[in-house]
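J.: Below is one structure. I have some questions about it.
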Amino acid sequence: MSFEKAAEIGRYLKKFTVGIAGCGGLGSNCAAALARAGVGRLVIADFDIVTIHSLRRQYYFHDQIGRLKVHALKDNLLRINPEIIVKAFDMKLCTSDIVDLFSHCDVIVEAFDKPEMKYMIIETVLTKIPGKPLVAGVGLAGWGNTNLLKSREAGNLVVCGDGVSEVSDIVPALAPRTGIVANMQANEVLNQLLKNYIPEEQEGGQ
Amino acid sequence: MKIIFNNQSEEFQHVMLTLSELLSQKEFSLKNIVVLLNGEFVKRNDFDKISVRNGDTVMAVNLFAGG
């Protein structure tokens, strides 16, 4: 049964920790996918609060407006999977925070909004945390063009998205494309975590 | 020289190019750009010093707002 295989993978994923830097459209949706897949521990960080605008594409609910995103997201993740351990940090991350919070994580997810912050975490992880896989999201603005969304890999960096579209006053980030890229990131995280996964033999198998 | 640039094989007349020269030929903006040469992160200040040679693999990503 496919239920059992997904549960087996969930049990395997329980031993891993994933760090998520930013809890907006990418981070919140990626976290939800990882919680559903069965990842055991998440370290999440963001300084922002939930607003009416967050609800257009981020994993929050109307009754959470005004709350810190990290606290609201922790609640939502625990509603999905009560066994998950979530460490929530209400802070704007700098280089040293990234090393402190995420060095022990098995994989790190870049889910910032601003390009300068994206650069900062990519440089920090690739130069200060050797060997640590980092999954970034770049290019999610607008709608349609689903076929342009892809993932690219070099060294310890995986980049998901179309790599060209920029969120602006004219081209907003909307739920579907943001959600696709966030879930691509979660998919690439699983790809890293399941590298050494050996499926258990099926009962009555050959 | 022949290199892999963003997953595509490309040929250049030159025997070698600095990263700055390569990025300008490829019409990449240097603003918020991340470059990995053979899987290693290259600091922005080193783009003029680091050269790309035959057989190298380069990934260049301009970072855009949105998350």
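In the structure tokens, chains take the letters A, B, ... in the order shown, each chain's residues start at 1, and ligands count up from 1 in the order shown.
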What lies within 8 Å of segment 163-170 of chain A using only C-alpha atoms, ignoring chain neighbours under 2 positions off, as a ChimeraX atom specification?

T.: /A:138-142,160-161,172-173 /B:61-66

J.: Next, the residues of the selection above should be written as a short mmCIF file (atom, residue, chain, number, x, y, z; two decimals), in the first residue's frame with all heavy atoms.

T.:
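After the write, out_4.cif holds the following:
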data_model
loop_
_atom_site.label_atom_id
_atom_site.label_comp_id
_atom_site.auth_asym_id
_atom_site.auth_seq_id
_atom_site.Cartn_x
_atom_site.Cartn_y
_atom_site.Cartn_z
N VAL A 138 14.50 31.29 -6.26
CA VAL A 138 14.72 32.53 -7.02
C VAL A 138 13.84 32.53 -8.27
O VAL A 138 13.99 31.67 -9.15
CB VAL A 138 16.20 32.67 -7.45
CG1 VAL A 138 16.38 33.98 -8.23
CG2 VAL A 138 17.13 32.61 -6.26
N GLY A 139 12.93 33.51 -8.34
CA GLY A 139 12.10 33.65 -9.54
C GLY A 139 10.77 32.95 -9.41
O GLY A 139 10.62 31.80 -9.79
N LEU A 140 9.80 33.66 -8.81
CA LEU A 140 8.48 33.07 -8.59
C LEU A 140 7.35 34.04 -8.91
O LEU A 140 6.18 33.72 -8.71
CB LEU A 140 8.37 32.60 -7.13
CG LEU A 140 8.74 33.64 -6.05
CD1 LEU A 140 7.62 34.60 -5.77
CD2 LEU A 140 9.19 32.95 -4.78
N ALA A 141 7.71 35.23 -9.41
CA ALA A 141 6.70 36.27 -9.59
C ALA A 141 5.72 35.92 -10.71
O ALA A 141 6.05 35.19 -11.64
CB ALA A 141 7.39 37.60 -9.92
N GLY A 142 4.51 36.47 -10.58
CA GLY A 142 3.52 36.36 -11.65
C GLY A 142 2.74 35.06 -11.64
O GLY A 142 2.60 34.41 -10.61
N CYS A 160 15.80 26.77 -6.87
CA CYS A 160 14.49 26.45 -7.45
C CYS A 160 13.81 27.74 -7.92
O CYS A 160 13.92 28.77 -7.26
CB CYS A 160 13.59 25.79 -6.41
SG CYS A 160 14.25 24.27 -5.73
N GLY A 161 13.10 27.65 -9.03
CA GLY A 161 12.36 28.82 -9.53
C GLY A 161 12.68 29.04 -10.99
O GLY A 161 13.37 28.24 -11.61
N PRO A 172 3.13 40.82 -9.09
CA PRO A 172 3.14 40.38 -7.69
C PRO A 172 3.52 38.90 -7.55
O PRO A 172 3.59 38.17 -8.55
CB PRO A 172 1.69 40.58 -7.27
CG PRO A 172 0.90 40.35 -8.53
CD PRO A 172 1.77 40.82 -9.67
N ALA A 173 3.76 38.51 -6.32
CA ALA A 173 3.87 37.08 -6.01
C ALA A 173 2.47 36.59 -5.69
O ALA A 173 1.77 37.20 -4.89
CB ALA A 173 4.79 36.89 -4.82
N VAL B 61 23.69 32.94 -11.02
CA VAL B 61 22.28 33.18 -10.72
C VAL B 61 22.11 34.62 -10.23
O VAL B 61 22.71 35.00 -9.23
CB VAL B 61 21.77 32.23 -9.60
CG1 VAL B 61 20.27 32.42 -9.38
CG2 VAL B 61 22.08 30.79 -9.93
N ASN B 62 21.32 35.40 -10.94
CA ASN B 62 20.94 36.72 -10.43
C ASN B 62 19.81 36.51 -9.43
O ASN B 62 18.87 35.78 -9.71
CB ASN B 62 20.46 37.63 -11.56
CG ASN B 62 21.62 38.28 -12.29
OD1 ASN B 62 21.78 38.10 -13.49
ND2 ASN B 62 22.45 39.02 -11.59
N LEU B 63 19.95 37.16 -8.29
CA LEU B 63 18.94 36.98 -7.25
C LEU B 63 17.87 38.06 -7.38
O LEU B 63 18.19 39.24 -7.50
CB LEU B 63 19.60 37.05 -5.88
CG LEU B 63 20.74 36.05 -5.67
CD1 LEU B 63 21.40 36.28 -4.32
CD2 LEU B 63 20.22 34.62 -5.77
N PHE B 64 16.61 37.63 -7.40
CA PHE B 64 15.50 38.57 -7.54
C PHE B 64 14.62 38.55 -6.31
O PHE B 64 14.54 37.54 -5.62
CB PHE B 64 14.67 38.20 -8.78
CG PHE B 64 15.41 38.41 -10.06
CD1 PHE B 64 15.85 37.33 -10.81
CD2 PHE B 64 15.70 39.69 -10.51
CE1 PHE B 64 16.54 37.51 -11.99
CE2 PHE B 64 16.39 39.88 -11.69
CZ PHE B 64 16.82 38.79 -12.43
N ALA B 65 13.94 39.66 -6.07
CA ALA B 65 13.02 39.75 -4.94
C ALA B 65 11.89 38.76 -5.11
O ALA B 65 11.45 38.48 -6.22
CB ALA B 65 12.47 41.17 -4.84
N GLY B 66 11.45 38.24 -3.99
CA GLY B 66 10.32 37.31 -4.00
C GLY B 66 10.56 36.15 -3.10
O GLY B 66 11.51 35.40 -3.27
#

J.: Where does chain B meet chain A within 9 Å, residue by residue, with the nearest atom pair and distance in Å to one decimal for each, counting only C-alpha atoms, listed by chain and rising number, as a Markdown table?

T.:
| residue | atom | partner | partner_atom | distance |
| --- | --- | --- | --- | --- |
| B:Asn6 | CA | A:Arg152 | CA | 8.2 |
| B:Asn7 | CA | A:Arg152 | CA | 8.1 |
| B:Asn32 | CA | A:Pro115 | CA | 6.4 |
| B:Ile33 | CA | A:Tyr119 | CA | 7.6 |
| B:Val34 | CA | A:Tyr119 | CA | 7.0 |
| B:Leu36 | CA | A:Ala154 | CA | 6.8 |
| B:Leu37 | CA | A:Ala154 | CA | 8.5 |
| B:Asn38 | CA | A:Gly155 | CA | 7.3 |
| B:Gly39 | CA | A:Gly155 | CA | 3.7 |
| B:Glu40 | CA | A:Gly155 | CA | 6.3 |
| B:Phe41 | CA | A:Leu126 | CA | 6.4 |
| B:Val42 | CA | A:Glu123 | CA | 8.8 |
| B:Lys43 | CA | A:Glu123 | CA | 7.9 |
| B:Thr57 | CA | A:Ala154 | CA | 8.8 |
| B:Val58 | CA | A:Ala154 | CA | 8.3 |
| B:Met59 | CA | A:Ala154 | CA | 6.7 |
| B:Val61 | CA | A:Gly163 | CA | 6.9 |
| B:Asn62 | CA | A:Gly163 | CA | 7.1 |
| B:Leu63 | CA | A:Pro115 | CA | 5.3 |
| B:Phe64 | CA | A:Glu166 | CA | 5.1 |
| B:Ala65 | CA | A:Lys114 | CA | 4.9 |
| B:Gly66 | CA | A:Asp113 | CA | 4.6 |
| B:Gly67 | CA | A:Asp113 | CA | 4.1 |

J.: Quick check for you: according to DSSP on this backbone, which residues of chain B are classed as alpha helix (DSSP H)? Reply as a list in words.

T.: Leu19, Ser20, Glu21, Leu22, Leu23, Ser24 and Gln25 of chain B

J.: Between atom CA of His104 of chain A and atom CA of Leu34 of chain A, what distance in Å does the model show, to one decimal?

T.: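 These atoms are spaced 17.4 Å apart.
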
J.: What lies within 10 Å of Gln64 of chain A using only C-alpha atoms, ignoring chain neighbours under 3 positions off, as a list in words?

T.: Ile49, Val50, Thr51, Ile52, Leu55, Tyr60, Phe61, Arg67, Leu68, Lys69, His71, Ala72 and Leu73 of chain A

J.: Taking into account only C-alpha atoms, which residue in the set B:Glu11, B:Asp56, B:Asp48, B:Met1 is nearest to Ser24 of chain B?

T.: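 Answer, going by the shortest atom-to-atom distance: B:Asp48.
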
J.: Record the distance separating atom CA of Leu13 of chain A and atom CA of Cys105 of chain A, expressed in Å with one decimal.

T.: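 Spanning atom CA of Leu13 of chain A to atom CA of Cys105 of chain A is a straight-line distance of 12.9 Å.
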
J.: When DSSP works through the backbone of this structure, what residues of segment 50-179 of chain A end up as strand (DSSP E), shown as an NGL selection string?

T.: :A and (85-90 or 107-110 or 134-137 or 150-154 or 157-161)

J.: Include C-alpha atoms and write out the residues we just selected as an mmCIF file, in the first residue's frame.

T.:
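Ended up saving to result_29.cif:
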data_model
loop_
_atom_site.group_PDB
_atom_site.id
_atom_site.type_symbol
_atom_site.label_atom_id
_atom_site.label_comp_id
_atom_site.auth_asym_id
_atom_site.auth_seq_id
_atom_site.Cartn_x
_atom_site.Cartn_y
_atom_site.Cartn_z
ATOM 1 C CA ILE A 85 9.632 19.687 17.062
ATOM 2 C CA VAL A 86 9.707 23.326 15.937
ATOM 3 C CA LYS A 87 12.289 25.803 17.203
ATOM 4 C CA ALA A 88 10.972 29.268 16.357
ATOM 5 C CA PHE A 89 13.212 32.348 16.355
ATOM 6 C CA ASP A 90 11.640 35.801 16.174
ATOM 7 C CA VAL A 107 19.644 20.969 5.096
ATOM 8 C CA ILE A 108 18.971 24.725 5.061
ATOM 9 C CA VAL A 109 16.201 26.434 3.082
ATOM 10 C CA GLU A 110 16.652 30.029 1.866
ATOM 11 C CA LEU A 134 21.302 24.943 0.838
ATOM 12 C CA VAL A 135 18.070 25.087 -1.170
ATOM 13 C CA ALA A 136 17.255 28.585 -2.433
ATOM 14 C CA GLY A 137 14.207 29.988 -4.226
ATOM 15 C CA LYS A 150 13.006 24.269 -12.542
ATOM 16 C CA SER A 151 15.746 23.364 -10.113
ATOM 17 C CA ARG A 152 19.468 23.766 -10.758
ATOM 18 C CA GLU A 153 22.319 22.416 -8.688
ATOM 19 C CA ALA A 154 25.981 23.338 -8.285
ATOM 20 C CA LEU A 157 23.581 24.922 -3.708
ATOM 21 C CA VAL A 158 20.232 24.034 -5.258
ATOM 22 C CA VAL A 159 18.222 26.888 -6.800
ATOM 23 C CA CYS A 160 14.490 26.448 -7.447
ATOM 24 C CA GLY A 161 12.364 28.818 -9.529
#

J.: At what distance in Å, to one decimal, does atom CA of Val70 of chain A lie from atom CA of Phe47 of chain A?

T.: 7.8 Å
